[in-house]
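Before any comments, here is the structure.
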Amino acid sequence: MADLNSGQLLEKMRADAPLVQCITNYVAMNIAANVLLAAGASPAMIHAEQESGEFARVVSALTINIGTLSPDWIAGMKAAATGANEAGKPWVLDPVAHFATSYRARAALEMLDLKPTILRGNASEILAFSGATSGKGVDAGDSVEAAEATANRLAAERGMVVAITGAIDFVTDGTRTARIGGGSALMPKVTALGCSLTCLVGAFAGISPADPFAATVAALSLFGVAGERAEKLAAGPGTFAAHFLDQLAAVTPADLDNARIEA
Amino acid sequence: MADLNSGQLLEKMRADAPLVQCITNYVAMNIAANVLLAAGASPAMIHAEQESGEFARVVSALTINIGTLSPDWIAGMKAAATGANEAGKPWVLDPVAHFATSYRARAALEMLDLKPTILRGNASEILAFSGATSGKGVDAGDSVEAAEATANRLAAERGMVVAITGAIDFVTDGTRTARIGGGSALMPKVTALGCSLTCLVGAFAGISPADPFAATVAALSLFGVAGERAEKLAAGPGTFAAHFLDQLAAVTPADLDNARIEA
Amino acid sequence: MADLNSGQLLEKMRADAPLVQCITNYVAMNIAANVLLAAGASPAMIHAEQESGEFARVVSALTINIGTLSPDWIAGMKAAATGANEAGKPWVLDPVAHFATSYRARAALEMLDLKPTILRGNASEILAFSGATSGKGVDAGDSVEAAEATANRLAAERGMVVAITGAIDFVTDGTRTARIGGGSALMPKVTALGCSLTCLVGAFAGISPADPFAATVAALSLFGVAGERAEKLAAGPGTFAAHFLDQLAAVTPADLDNARIEA
């Protein structure tokens, strides 16, 4: 499947409707599930240690986001990642604001050591893995460019795909790289769209586990095209969110040929 | 009150604005509360063991949904169901994806043994109580028809109302049955509408505890009519959700005379 | 900064984009974050005891809402309030439905003893601190006027600002008072807008910690003007919510000169 382009992957994703286990934060739960449903995947939010590992063995992909962390949730995340690894399922890590507190920094590193297939974050989150970031709170204070060297190094050292999302996204597997444009300036004004994108990356990885790089590029392209189209219909961040979900459902495989990708 | 039709029950529900304690999942919290407010009820999300049982004694109805389960929440659910039972308050069980893991299956059975007034689920969730389902994740893989026999048996054996929701809903109390149409193909594309419906069933049961069958039919009819009307205004799942809430508020008691019900 | 009017405070708030730590309930998480982003602030939902106090030391303001309470969350709230106090950061308390159960009543009093800078509630919630309320569930059963004497007394005794929100809001610091109109009858039909307003009060307090009274008036004025404008565009509570977020972003500092304030 390594040769499928983004449009072909979207077509396959909608045909398969992959089941994606999303362990995400309280802010993102609803919008992330709606993003997956609109795009054509099947979300399931199952997080507790008592069942997360068992469930991770039967899904198409797992995504883990550390946004609203607590000890019980960390236990559930570890059980799920372990289950996914044992069953050979791809999983995506979203290390939300791991630079904000020492508790969060430690949790992000522990999750990274559980070998995610794909790491997705904003520039400050990726950069913080090399120790230097100007991020505050949960928003990116750094440019995508500033984090590219760290992304390339992390990808090569740890054998994973790294995606930095921002005005122009950057994706690398340590060898190949891509930049994806599109989107809208309204997107950072709607909470948890980045978290939702992490889940969508999981959906594409679920149908193309053999090529997580192509899966990541396809997910980011769908987000970019839908965001660009939604902006034309929106009068602000509230109406944008509704139109964005409509567009995730409306975008066709052929539309992804117009995604602004630079390989 | 056993003779009131759906329109009369809607009128009474809006006049009473019943207080409904909703113990629901993280994905559904916001949309479920908005569904109740739009329809005319008063939601309160109170789940912790330390207060859920005390609160269940003073509400009009309780609803319990096992979507995002953990040990603390199970304890809170049990305390609430026990409180509702002791105070003679109706309560509704929504056994989300209880076939997905062994932890979830056990929790659903334990809740069922606490004698809900009404059980609402999709076809796969109802069917799974008889051991056989093709459900995966949280979506129904089975047809409503396939689960009707199980619903009738559960209703008769356990003395409760059972509702299977899908393209055409089925409601049974073991003796009476009804089928409710309407709705929209966009509804499964918006997350947690089924969970929200469970809460709305609680609102109607809260004003008509003497006839949970009629209450369930009324709630499903309101959902069906509002969904049909919202679809005409929507361009996709995102705008549908907003219009659906508008229509829950706009539907009149007389409009429910046009609900597609087959007794 | 004590002399800045609401328009000037809005301008400064958007320029600074204050980082606000919101410990809020599961229902409100998403809409509260969207309200802050639309208005121009930067929300961060960090609640666990393991990190909430450390994070409270670096934010511009903290807000605490007891809507969906449990023991772990109370511990996180206390750690955060203590951290904010030690670092001299303003914080806002929202004692959701603290009259509903004994557990909740005790938690609200314990939080009040941690000396919030600002207390915001509906009339029933403020009145309940004097022992008498007709509130049921989470909605206000009392009029704003009925709670004004309690608000004035609490403000004077505890040296904090108290805001009662309703059809006409009332703000007092024990000496100064203001009434703010505007808004829309659709606002109580959208869940968690009051909780979101608490977070917005935090955003304004974060840029004007020296004058929490003026900050509170500015936040309430922005809500009132945006609500009034959104109502003209809405067909019900669902479309209102989307337009309201749009208007929070669209309202200009000059528009706040038309806020219906009575000093």
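Note on naming: chains are A, B, ... as they come in the structure tokens, residues start from 1 per chain, ligands start from 1 in the order shown.
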
**OP:** Tell me the residues of chain A close to chain B, meaning within 7 Å using only C-alpha atoms, as a PyMOL selection string.
**Re:** chain A and resi 19+26+29-30+33-34+37-38+44-46+48+50-51+54-55+242-243+245-246+249

**OP:** Would you please extract all strand (DSSP E) residues from range 23-252 of chain B, as assigned by DSSP on the backbone, and give them as a PyMOL selection string?
**Re:** chain B and resi 23+42-44+61-65+91-94+118-122+161-165+169-172+177-180

**OP:** Considering only C-alpha atoms, return as a list of chain:residue names whatever protein or nucleic-acid residues lie within 10 Å of Thr117 in chain A, sequence-local ones (same chain, fewer than 4 positions apart) excluded.
**Re:** A:Leu62, A:Thr63, A:Asn85, A:Lys89, A:Pro90, A:Trp91, A:Val92, A:Leu93, A:Leu112, A:Ala155, A:Arg158, A:Gly159, A:Met160, A:Val161, A:Val162, A:Gly202, A:Ala205, A:Pro209, A:Pro212, A:Phe213

With C-alpha atoms retained, write the just-selected residues as a tab-separated table (two decimals), in the first residue's frame.
```tsv
chain	number	residue	atom	x	y	z
A	62	LEU	CA	-4.84	3.78	18.68
A	63	THR	CA	-4.25	7.45	19.43
A	85	ASN	CA	2.39	-2.85	20.34
A	89	LYS	CA	-1.34	-2.05	15.71
A	90	PRO	CA	-0.10	1.45	14.80
A	91	TRP	CA	-0.46	4.17	17.37
A	92	VAL	CA	-0.11	7.96	17.40
A	93	LEU	CA	1.19	10.11	20.27
A	112	LEU	CA	7.62	8.19	23.76
A	155	ALA	CA	12.23	10.40	13.44
A	158	ARG	CA	13.35	6.44	17.07
A	159	GLY	CA	12.16	5.02	13.76
A	160	MET	CA	8.87	6.85	13.74
A	161	VAL	CA	7.04	9.44	11.64
A	162	VAL	CA	6.99	12.95	13.13
A	202	GLY	CA	-4.81	7.33	13.47
A	205	ALA	CA	-2.66	4.82	9.79
A	209	PRO	CA	-0.13	0.71	8.77
A	212	PRO	CA	2.55	5.68	8.26
A	213	PHE	CA	4.30	8.48	6.35
```

**OP:** Take CA of Ala61 in chain C and CA of Ser130 in chain C and report the distance between them in Å, one decimal.
**Re:** 27.4 Å

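Among the candidates B:Pro18, B:Pro95, B:Gly174, B:Gly7, the one nearest to Val225 in chain B when counting only C-alpha atoms is B:Gly7.
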
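Closest approach to Leu4 in chain B from the set B:Ala214, B:Val35, B:Ala80, B:Cys22 is made by B:Ala214, with distances taken over only C-alpha atoms.
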
**OP:** Extract, using only C-alpha atoms, all DNA, RNA and protein residues at most 6 Å from Ala17 in chain B, discarding same-chain residues fewer than 6 positions from it, and format them as number ranges by chain.
**Re:** B: 40-42

Subject >> Å distance separating CA of His98 in chain C from CA of Val20 in chain B, one decimal place >> reply: 16.8 Å
